[in-house]
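Participant: What follows is my_file-v3.pdb, made up of PDB, C-alpha atoms:
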ATOM      1  CA  MET A   1     -25.219  27.152  -2.218  1.00  0.00           C
ATOM      2  CA  THR A   2     -26.960  24.493  -4.293  1.00  0.00           C
ATOM      3  CA  PHE A   3     -25.847  20.882  -4.335  1.00  0.00           C
ATOM      4  CA  GLU A   4     -26.334  18.635  -7.312  1.00  0.00           C
ATOM      5  CA  LYS A   5     -27.089  14.960  -6.994  1.00  0.00           C
ATOM      6  CA  SER A   6     -23.982  13.098  -8.110  1.00  0.00           C
ATOM      7  CA  SER A   7     -23.754   9.670  -9.634  1.00  0.00           C
ATOM      8  CA  LEU A   8     -19.955   9.588  -9.540  1.00  0.00           C
ATOM      9  CA  GLY A   9     -18.370   6.879  -7.446  1.00  0.00           C
ATOM     10  CA  PHE A  10     -15.729   7.977  -4.966  1.00  0.00           C
ATOM     11  CA  VAL A  11     -12.998   6.286  -2.928  1.00  0.00           C
ATOM     12  CA  HIS A  12     -13.258   6.336   0.888  1.00  0.00           C
ATOM     13  CA  ILE A  13     -10.624   5.330   3.432  1.00  0.00           C
ATOM     14  CA  TYR A  14     -11.349   4.761   7.124  1.00  0.00           C
ATOM     15  CA  THR A  15      -8.030   4.440   8.925  1.00  0.00           C
ATOM     16  CA  GLY A  16      -6.285   5.140  12.225  1.00  0.00           C
ATOM     17  CA  GLU A  17      -5.600   3.437  15.542  1.00  0.00           C
ATOM     18  CA  GLY A  18      -9.111   3.809  16.944  1.00  0.00           C
ATOM     19  CA  LYS A  19     -11.980   1.314  17.037  1.00  0.00           C
ATOM     20  CA  GLY A  20     -14.645   1.743  14.399  1.00  0.00           C
ATOM     21  CA  LYS A  21     -13.028   1.578  10.959  1.00  0.00           C
ATOM     22  CA  THR A  22     -14.877  -1.562   9.915  1.00  0.00           C
ATOM     23  CA  SER A  23     -18.001  -0.316  11.684  1.00  0.00           C
ATOM     24  CA  ALA A  24     -17.903   2.915   9.659  1.00  0.00           C
ATOM     25  CA  GLY A  25     -17.517   0.980   6.424  1.00  0.00           C
ATOM     26  CA  MET A  26     -20.331  -1.406   7.344  1.00  0.00           C
ATOM     27  CA  GLY A  27     -22.528   1.560   8.229  1.00  0.00           C
ATOM     28  CA  LEU A  28     -22.041   2.903   4.722  1.00  0.00           C
ATOM     29  CA  VAL A  29     -22.895  -0.556   3.357  1.00  0.00           C
ATOM     30  CA  ILE A  30     -26.165  -0.554   5.314  1.00  0.00           C
ATOM     31  CA  ARG A  31     -27.006   2.943   4.070  1.00  0.00           C
ATOM     32  CA  ALA A  32     -26.357   1.869   0.463  1.00  0.00           C
ATOM     33  CA  LEU A  33     -28.454  -1.291   0.867  1.00  0.00           C
ATOM     34  CA  GLY A  34     -31.257   0.797   2.335  1.00  0.00           C
ATOM     35  CA  ARG A  35     -31.252   2.874  -0.843  1.00  0.00           C
ATOM     36  CA  GLY A  36     -31.355  -0.158  -3.091  1.00  0.00           C
ATOM     37  CA  LEU A  37     -27.704  -0.120  -4.192  1.00  0.00           C
ATOM     38  CA  LYS A  38     -25.980  -3.367  -5.079  1.00  0.00           C
ATOM     39  CA  VAL A  39     -23.144  -4.047  -2.627  1.00  0.00           C
ATOM     40  CA  LYS A  40     -20.210  -6.433  -2.349  1.00  0.00           C
ATOM     41  CA  ILE A  41     -18.143  -6.896   0.797  1.00  0.00           C
ATOM     42  CA  ILE A  42     -14.593  -8.231   0.675  1.00  0.00           C
ATOM     43  CA  GLN A  43     -13.146  -8.832   4.123  1.00  0.00           C
ATOM     44  CA  LEU A  44      -9.425  -9.547   4.412  1.00  0.00           C
ATOM     45  CA  PHE A  45      -7.561 -11.395   7.180  1.00  0.00           C
ATOM     46  CA  LYS A  46     -10.559 -11.714   9.520  1.00  0.00           C
ATOM     47  CA  ARG A  47     -12.643 -14.748  10.353  1.00  0.00           C
ATOM     48  CA  ASP A  48     -15.798 -15.577  12.255  1.00  0.00           C
ATOM     49  CA  THR A  49     -17.019 -12.002  12.533  1.00  0.00           C
ATOM     50  CA  GLY A  50     -20.562 -10.965  13.401  1.00  0.00           C
ATOM     51  CA  GLU A  51     -20.848  -9.087  10.121  1.00  0.00           C
ATOM     52  CA  GLN A  52     -19.772 -12.235   8.252  1.00  0.00           C
ATOM     53  CA  PHE A  53     -22.608 -14.265   9.741  1.00  0.00           C
ATOM     54  CA  PHE A  54     -25.120 -11.491   9.113  1.00  0.00           C
ATOM     55  CA  PHE A  55     -24.199 -10.794   5.491  1.00  0.00           C
ATOM     56  CA  GLU A  56     -23.731 -14.440   4.495  1.00  0.00           C
ATOM     57  CA  ASN A  57     -27.342 -15.029   5.546  1.00  0.00           C
ATOM     58  CA  SER A  58     -28.751 -11.874   3.967  1.00  0.00           C
ATOM     59  CA  GLY A  59     -28.049 -12.382   0.273  1.00  0.00           C
ATOM     60  CA  VAL A  60     -25.335  -9.694   0.130  1.00  0.00           C
ATOM     61  CA  LYS A  61     -22.238 -10.805  -1.788  1.00  0.00           C
ATOM     62  CA  TYR A  62     -19.690 -11.382   0.974  1.00  0.00           C
ATOM     63  CA  LEU A  63     -16.191 -12.794   0.454  1.00  0.00           C
ATOM     64  CA  GLN A  64     -13.326 -13.415   2.871  1.00  0.00           C
ATOM     65  CA  PHE A  65      -9.623 -13.889   2.376  1.00  0.00           C
ATOM     66  CA  LYS A  66      -8.550 -15.624   5.537  1.00  0.00           C
ATOM     67  CA  PRO A  67      -5.155 -17.256   5.440  1.00  0.00           C
ATOM     68  CA  LEU A  68      -4.181 -19.729   8.125  1.00  0.00           C
ATOM     69  CA  HIS A  69      -2.646 -17.099  10.384  1.00  0.00           C
ATOM     70  CA  PRO A  70      -3.710 -13.493   9.849  1.00  0.00           C
ATOM     71  CA  TYR A  71      -0.573 -11.766  11.144  1.00  0.00           C
ATOM     72  CA  PHE A  72       2.188 -13.807   9.456  1.00  0.00           C
ATOM     73  CA  LYS A  73       4.575 -13.508  12.419  1.00  0.00           C
ATOM     74  CA  ASN A  74       6.057 -16.943  11.903  1.00  0.00           C
ATOM     75  CA  TYR A  75       6.025 -17.030   8.106  1.00  0.00           C
ATOM     76  CA  ASP A  76       9.269 -17.467   6.235  1.00  0.00           C
ATOM     77  CA  GLN A  77       9.863 -15.772   2.864  1.00  0.00           C
ATOM     78  CA  THR A  78       8.630 -18.815   0.899  1.00  0.00           C
ATOM     79  CA  GLN A  79       5.345 -18.799   2.837  1.00  0.00           C
ATOM     80  CA  ILE A  80       4.980 -15.040   2.306  1.00  0.00           C
ATOM     81  CA  GLU A  81       5.480 -15.442  -1.448  1.00  0.00           C
ATOM     82  CA  SER A  82       2.916 -18.253  -1.518  1.00  0.00           C
ATOM     83  CA  LEU A  83       0.474 -16.085   0.429  1.00  0.00           C
ATOM     84  CA  LYS A  84       0.983 -13.236  -2.062  1.00  0.00           C
ATOM     85  CA  GLU A  85       0.160 -15.598  -4.941  1.00  0.00           C
ATOM     86  CA  GLU A  86      -2.915 -16.885  -3.096  1.00  0.00           C
ATOM     87  CA  PHE A  87      -4.020 -13.311  -2.449  1.00  0.00           C
ATOM     88  CA  LEU A  88      -3.533 -12.288  -6.083  1.00  0.00           C
ATOM     89  CA  GLU A  89      -5.816 -15.128  -7.210  1.00  0.00           C
ATOM     90  CA  PHE A  90      -8.409 -14.111  -4.611  1.00  0.00           C
ATOM     91  CA  TRP A  91      -8.196 -10.418  -5.621  1.00  0.00           C
ATOM     92  CA  THR A  92      -8.584 -11.179  -9.324  1.00  0.00           C
ATOM     93  CA  GLU A  93     -11.548 -13.495  -8.755  1.00  0.00           C
ATOM     94  CA  SER A  94     -13.200 -11.148  -6.228  1.00  0.00           C
ATOM     95  CA  LEU A  95     -13.133  -8.126  -8.507  1.00  0.00           C
ATOM     96  CA  LYS A  96     -13.849  -9.687 -11.893  1.00  0.00           C
ATOM     97  CA  ASP A  97     -17.511  -8.603 -11.660  1.00  0.00           C
ATOM     98  CA  ILE A  98     -16.819  -5.112 -10.276  1.00  0.00           C
ATOM     99  CA  ASP A  99     -19.063  -3.453 -12.849  1.00  0.00           C
ATOM    100  CA  GLU A 100     -22.102  -5.201 -11.325  1.00  0.00           C
ATOM    101  CA  TYR A 101     -21.823  -3.295  -8.019  1.00  0.00           C
ATOM    102  CA  ASP A 102     -22.609   0.228  -6.903  1.00  0.00           C
ATOM    103  CA  LEU A 103     -20.471  -0.067  -3.777  1.00  0.00           C
ATOM    104  CA  ILE A 104     -17.599  -2.360  -2.819  1.00  0.00           C
ATOM    105  CA  LEU A 105     -16.174  -2.456   0.700  1.00  0.00           C
ATOM    106  CA  ILE A 106     -12.681  -3.905   1.094  1.00  0.00           C
ATOM    107  CA  ASP A 107     -12.155  -4.314   4.823  1.00  0.00           C
ATOM    108  CA  GLU A 108      -8.615  -4.446   6.277  1.00  0.00           C
ATOM    109  CA  LEU A 109      -6.916  -3.366   3.062  1.00  0.00           C
ATOM    110  CA  GLY A 110      -4.527  -1.091   4.980  1.00  0.00           C
ATOM    111  CA  PRO A 111      -2.798  -3.848   6.960  1.00  0.00           C
ATOM    112  CA  GLY A 112      -2.470  -5.994   3.832  1.00  0.00           C
ATOM    113  CA  LEU A 113      -0.629  -3.130   2.152  1.00  0.00           C
ATOM    114  CA  ASN A 114       1.498  -2.494   5.238  1.00  0.00           C
ATOM    115  CA  TRP A 115       2.455  -6.178   5.516  1.00  0.00           C
ATOM    116  CA  MET A 116       3.350  -6.092   1.799  1.00  0.00           C
ATOM    117  CA  ILE A 117       0.991  -8.963   1.036  1.00  0.00           C
ATOM    118  CA  ILE A 118      -0.980  -6.627  -1.238  1.00  0.00           C
ATOM    119  CA  PRO A 119       1.026  -4.635  -3.786  1.00  0.00           C
ATOM    120  CA  GLU A 120       0.109  -0.942  -3.945  1.00  0.00           C
ATOM    121  CA  SER A 121      -0.059  -1.291  -7.731  1.00  0.00           C
ATOM    122  CA  LEU A 122      -3.178  -3.505  -7.384  1.00  0.00           C
ATOM    123  CA  VAL A 123      -4.942  -0.792  -5.398  1.00  0.00           C
ATOM    124  CA  PHE A 124      -3.817   1.957  -7.776  1.00  0.00           C
ATOM    125  CA  ASP A 125      -5.121  -0.078 -10.706  1.00  0.00           C
ATOM    126  CA  LEU A 126      -8.449  -0.677  -8.940  1.00  0.00           C
ATOM    127  CA  ILE A 127      -8.902   3.028  -8.200  1.00  0.00           C
ATOM    128  CA  GLU A 128      -7.908   4.145 -11.693  1.00  0.00           C
ATOM    129  CA  ASN A 129      -9.959   1.553 -13.570  1.00  0.00           C
ATOM    130  CA  LYS A 130     -13.068   1.143 -11.430  1.00  0.00           C
ATOM    131  CA  PRO A 131     -16.406   1.798 -13.111  1.00  0.00           C
ATOM    132  CA  LYS A 132     -17.210   5.524 -12.995  1.00  0.00           C
ATOM    133  CA  ASN A 133     -20.194   5.129 -10.660  1.00  0.00           C
ATOM    134  CA  THR A 134     -18.775   2.495  -8.301  1.00  0.00           C
ATOM    135  CA  GLU A 135     -18.050   3.650  -4.753  1.00  0.00           C
ATOM    136  CA  LEU A 136     -15.006   2.005  -3.124  1.00  0.00           C
ATOM    137  CA  ILE A 137     -14.678   1.819   0.649  1.00  0.00           C
ATOM    138  CA  PHE A 138     -11.314   0.796   2.138  1.00  0.00           C
ATOM    139  CA  THR A 139     -10.701   0.213   5.847  1.00  0.00           C
ATOM    140  CA  GLY A 140      -7.770  -0.580   8.093  1.00  0.00           C
ATOM    141  CA  ARG A 141      -4.850   1.038   9.783  1.00  0.00           C
ATOM    142  CA  ASP A 142      -1.477   1.861   8.218  1.00  0.00           C
ATOM    143  CA  PHE A 143      -2.502   3.000   4.733  1.00  0.00           C
ATOM    144  CA  PRO A 144       0.458   4.380   2.805  1.00  0.00           C
ATOM    145  CA  GLU A 145       0.256   8.060   1.872  1.00  0.00           C
ATOM    146  CA  SER A 146       0.380   7.087  -1.806  1.00  0.00           C
ATOM    147  CA  VAL A 147      -3.011   5.355  -1.462  1.00  0.00           C
ATOM    148  CA  LYS A 148      -4.541   8.059   0.737  1.00  0.00           C
ATOM    149  CA  GLU A 149      -3.582  10.665  -1.875  1.00  0.00           C
ATOM    150  CA  ARG A 150      -5.694   8.830  -4.475  1.00  0.00           C
ATOM    151  CA  ALA A 151      -8.799   8.680  -2.257  1.00  0.00           C
ATOM    152  CA  ASP A 152     -11.605  11.239  -2.222  1.00  0.00           C
ATOM    153  CA  TYR A 153     -12.462  10.791   1.476  1.00  0.00           C
ATOM    154  CA  VAL A 154      -9.936   9.920   4.157  1.00  0.00           C
ATOM    155  CA  SER A 155     -11.158   9.698   7.748  1.00  0.00           C
ATOM    156  CA  GLU A 156      -8.797   8.915  10.586  1.00  0.00           C
ATOM    157  CA  ILE A 157     -10.274   7.299  13.666  1.00  0.00           C
ATOM    158  CA  LYS A 158      -8.189   8.219  16.683  1.00  0.00           C
ATOM    159  CA  LYS A 159      -8.013   6.084  19.803  1.00  0.00           C
ATOM    160  CA  ILE A 160      -8.402   8.027  23.011  1.00  0.00           C
ATOM    161  CA  LYS A 161      -8.734   4.916  25.172  1.00  0.00           C
ATOM    162  CA  HIS A 162      -9.719   1.304  24.644  1.00  0.00           C
ATOM    163  CA  PRO A 163     -10.412  -1.660  26.988  1.00  0.00           C
ATOM    164  CA  TYR A 164      -7.569  -3.544  25.254  1.00  0.00           C
ATOM    165  CA  ASP A 165      -5.193  -1.157  27.030  1.00  0.00           C
ATOM    166  CA  LYS A 166      -6.398  -2.734  30.310  1.00  0.00           C
ATOM    167  CA  GLY A 167      -5.871  -6.277  29.022  1.00  0.00           C
ATOM    168  CA  ILE A 168      -9.464  -6.850  27.908  1.00  0.00           C
ATOM    169  CA  PHE A 169      -9.556  -8.741  24.631  1.00  0.00           C
ATOM    170  CA  ALA A 170     -12.021  -8.404  21.771  1.00  0.00           C
ATOM    171  CA  ARG A 171     -15.594  -9.297  22.669  1.00  0.00           C
ATOM    172  CA  GLU A 172     -17.896 -11.263  20.404  1.00  0.00           C
ATOM    173  CA  GLY A 173     -20.634  -9.053  18.973  1.00  0.00           C
ATOM    174  CA  ILE A 174     -18.830  -5.829  19.913  1.00  0.00           C
ATOM    175  CA  GLU A 175     -15.341  -5.961  18.396  1.00  0.00           C
ATOM    176  CA  TYR A 176     -15.937  -8.895  16.059  1.00  0.00           C
TER     177      TYR A 176
END
Written as structure tokens, how would this file's structure read?

Facilitator:
Amino acid sequence: MTFEKSSLGFVHIYTGEGKGKTSAGMGLVIRALGRGLKVKIIQLFKRDTGEQFFFENSGVKYLQFKPLHPYFKNYDQTQIESLKEEFLEFWTESLKDIDEYDLILIDELGPGLNWMIIPESLVFDLIENKPKNTELIFTGRDFPESVKERADYVSEIKKIKHPYDKGIFAREGIEY
């Protein structure tokens, strides 16, 4: 069997309940940077992460959407609608220069879809209208099947065990 070098951009999803979805996406970012590709990272709902501090100081285009509270447990419907509007502005601004990048990582897209802050139609439109050679990497748990069906790679990371199960919270430099 002979493999041809491809310049087509594909869509990847790293999902599941296990640890390592963001790490897998960031690993692909590092590989792309090592090969001279132009990369943009869009991280949703997280703040003060190790990767944030690294990439902000490295010259890689790194953006965050970090609303006041990332899990919206105490938001009323008016606050949710406001958050959706805020997100739509962020999304539009973040992706206006998509054709300048070889690879774009959107971290924690799955939860945003699950929480219905991000309309599936935005993701469908991104996948269908992305530049032909741009690779898209999506991470997060709870991706709807409709999005997974449109991806070229879908990897599920399964949790076997995790220190959180013993009451140990996320550790700086390891989980964030």

Participant: If you apply the PyMOL selection byres ((chain A and resi 129-145) around 8) to this file, what residues do you get, as an MDAnalysis selection string?

Facilitator: chainID A and resid 7:17 21:22 25 98:99 101:111 113:114 125:128 146:149

Participant: Residues picked by the PyMOL selection byres ((chain A and resi 41) around 7) here, as a ChimeraX atom specification?

Facilitator: /A:39-40,42-43,61-63,104-106

Participant: So which one's closest to Leu88 (chain A), A:Ser23, A:Asn57, A:Ser121, A:Asn74? Using all atoms listed in the file, please.

Facilitator: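 With all atoms listed in the file as the atom set, the closest residue is A:Ser121.
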
Participant: Go through A:Val60, A:Ser94, A:Phe65, A:Glu85 and flag the residue nearest Lys46 (chain A), using all atoms listed in the file for the distances.

Facilitator: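 The answer is A:Phe65, which sits nearest to Lys46 (chain A).
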
Participant: Using all atoms listed in the file for the distances, tell me which of A:Gln64, A:Gly20, A:Glu120, A:Glu175 is nearest to Glu93 (chain A).

Facilitator: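 Comparing A:Gln64, A:Gly20, A:Glu120, A:Glu175 against Glu93 (chain A), the winner is A:Gln64.
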
Participant: What does the distance between CA of Leu28 (chain A) and CA of Val154 (chain A) come to in Å, to one decimal place?

Facilitator: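 These atoms are spaced 14.0 Å apart.
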
Participant: Which residues, written as a PDB file with C-alpha atoms, in the coordinates of the input, have at least one atom at most 8 Å from Gly112 (chain A), with only C-alpha atoms counted and residues fewer than 5 positions away on the same chain left out?

Facilitator:
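Below is the file that was written, out36.pdb:
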ATOM      1  CA  LEU A  44      -9.425  -9.547   4.412  1.00  0.00           C
ATOM      2  CA  ILE A 117       0.991  -8.963   1.036  1.00  0.00           C
ATOM      3  CA  ILE A 118      -0.980  -6.627  -1.238  1.00  0.00           C
TER       4      ILE A 118
END

Participant: Can you measure CA of Leu95 (chain A) to CA of Gly34 (chain A) for me? One decimal in Å is fine.

Facilitator: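 Pair CA of Leu95 (chain A) / CA of Gly34 (chain A) returns 22.9 Å.
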
Participant: Determine the nearest neighbour of Glu86 (chain A) from the options A:Gly173, A:Gly18, A:Pro67, A:Gly36, counting all atoms listed in the file.

Facilitator: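 With all atoms listed in the file as the atom set, the closest residue is A:Pro67.
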
Participant: List the residues selected by the PyMOL selection byres ((chain A and resi 49) around 10) in the file shown, writing them as a list in words.

Facilitator: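 That expression, the PyMOL selection byres ((chain A and resi 49) around 10), corresponds here to Gln43, Lys46, Arg47, Asp48, Gly50, Glu51, Gln52, Phe53, Phe54, Glu172, Gly173, Ile174, Glu175 and Tyr176 of chain A.
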
Participant: What does the distance between CA of Ala151 (chain A) and CA of Leu122 (chain A) come to in Å, to one decimal place?

Facilitator: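 Between CA of Ala151 (chain A) and CA of Leu122 (chain A) the gap is 14.4 Å.
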
Participant: Could region 95-113 of chain A be completed with N, CA and C atoms and returned as a PDB file, keeping the file's coordinate frame?

Facilitator:
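And here is the file that came out, result33.pdb:
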ATOM      1  N   LEU A  95     -12.822  -9.389  -7.839  1.00  0.00           N
ATOM      2  CA  LEU A  95     -13.133  -8.126  -8.507  1.00  0.00           C
ATOM      3  C   LEU A  95     -13.456  -8.278  -9.985  1.00  0.00           C
ATOM      4  N   LYS A  96     -13.579  -9.501 -10.462  1.00  0.00           N
ATOM      5  CA  LYS A  96     -13.849  -9.687 -11.893  1.00  0.00           C
ATOM      6  C   LYS A  96     -15.227  -9.165 -12.298  1.00  0.00           C
ATOM      7  N   ASP A  97     -16.159  -9.079 -11.361  1.00  0.00           N
ATOM      8  CA  ASP A  97     -17.511  -8.603 -11.660  1.00  0.00           C
ATOM      9  C   ASP A  97     -17.767  -7.212 -11.067  1.00  0.00           C
ATOM     10  N   ILE A  98     -16.722  -6.416 -10.929  1.00  0.00           N
ATOM     11  CA  ILE A  98     -16.819  -5.112 -10.276  1.00  0.00           C
ATOM     12  C   ILE A  98     -17.897  -4.224 -10.897  1.00  0.00           C
ATOM     13  N   ASP A  99     -18.091  -4.326 -12.180  1.00  0.00           N
ATOM     14  CA  ASP A  99     -19.063  -3.453 -12.849  1.00  0.00           C
ATOM     15  C   ASP A  99     -20.512  -3.774 -12.485  1.00  0.00           C
ATOM     16  N   GLU A 100     -20.747  -4.849 -11.755  1.00  0.00           N
ATOM     17  CA  GLU A 100     -22.102  -5.201 -11.325  1.00  0.00           C
ATOM     18  C   GLU A 100     -22.498  -4.540 -10.003  1.00  0.00           C
ATOM     19  N   TYR A 101     -21.573  -3.823  -9.358  1.00  0.00           N
ATOM     20  CA  TYR A 101     -21.823  -3.295  -8.019  1.00  0.00           C
ATOM     21  C   TYR A 101     -21.748  -1.776  -7.974  1.00  0.00           C
ATOM     22  N   ASP A 102     -22.619  -1.214  -7.143  1.00  0.00           N
ATOM     23  CA  ASP A 102     -22.609   0.228  -6.903  1.00  0.00           C
ATOM     24  C   ASP A 102     -21.597   0.595  -5.825  1.00  0.00           C
ATOM     25  N   LEU A 103     -21.372  -0.329  -4.895  1.00  0.00           N
ATOM     26  CA  LEU A 103     -20.471  -0.067  -3.777  1.00  0.00           C
ATOM     27  C   LEU A 103     -19.726  -1.351  -3.424  1.00  0.00           C
ATOM     28  N   ILE A 104     -18.423  -1.228  -3.241  1.00  0.00           N
ATOM     29  CA  ILE A 104     -17.599  -2.360  -2.819  1.00  0.00           C
ATOM     30  C   ILE A 104     -16.792  -1.926  -1.602  1.00  0.00           C
ATOM     31  N   LEU A 105     -16.949  -2.673  -0.520  1.00  0.00           N
ATOM     32  CA  LEU A 105     -16.174  -2.456   0.700  1.00  0.00           C
ATOM     33  C   LEU A 105     -15.052  -3.483   0.731  1.00  0.00           C
ATOM     34  N   ILE A 106     -13.824  -3.007   0.885  1.00  0.00           N
ATOM     35  CA  ILE A 106     -12.681  -3.905   1.094  1.00  0.00           C
ATOM     36  C   ILE A 106     -12.142  -3.599   2.485  1.00  0.00           C
ATOM     37  N   ASP A 107     -12.484  -4.482   3.410  1.00  0.00           N
ATOM     38  CA  ASP A 107     -12.155  -4.314   4.823  1.00  0.00           C
ATOM     39  C   ASP A 107     -10.760  -4.861   5.110  1.00  0.00           C
ATOM     40  N   GLU A 108      -9.983  -4.105   5.859  1.00  0.00           N
ATOM     41  CA  GLU A 108      -8.615  -4.446   6.277  1.00  0.00           C
ATOM     42  C   GLU A 108      -7.619  -4.419   5.113  1.00  0.00           C
ATOM     43  N   LEU A 109      -7.860  -3.539   4.164  1.00  0.00           N
ATOM     44  CA  LEU A 109      -6.916  -3.366   3.062  1.00  0.00           C
ATOM     45  C   LEU A 109      -5.612  -2.730   3.552  1.00  0.00           C
ATOM     46  N   GLY A 110      -5.714  -1.779   4.474  1.00  0.00           N
ATOM     47  CA  GLY A 110      -4.527  -1.091   4.980  1.00  0.00           C
ATOM     48  C   GLY A 110      -3.463  -2.023   5.524  1.00  0.00           C
ATOM     49  N   PRO A 111      -3.823  -2.928   6.450  1.00  0.00           N
ATOM     50  CA  PRO A 111      -2.798  -3.848   6.960  1.00  0.00           C
ATOM     51  C   PRO A 111      -2.192  -4.731   5.863  1.00  0.00           C
ATOM     52  N   GLY A 112      -3.000  -5.169   4.925  1.00  0.00           N
ATOM     53  CA  GLY A 112      -2.470  -5.994   3.832  1.00  0.00           C
ATOM     54  C   GLY A 112      -1.412  -5.256   3.024  1.00  0.00           C
ATOM     55  N   LEU A 113      -1.630  -3.957   2.829  1.00  0.00           N
ATOM     56  CA  LEU A 113      -0.629  -3.130   2.152  1.00  0.00           C
ATOM     57  C   LEU A 113       0.610  -2.976   3.029  1.00  0.00           C
TER      58      LEU A 113
END
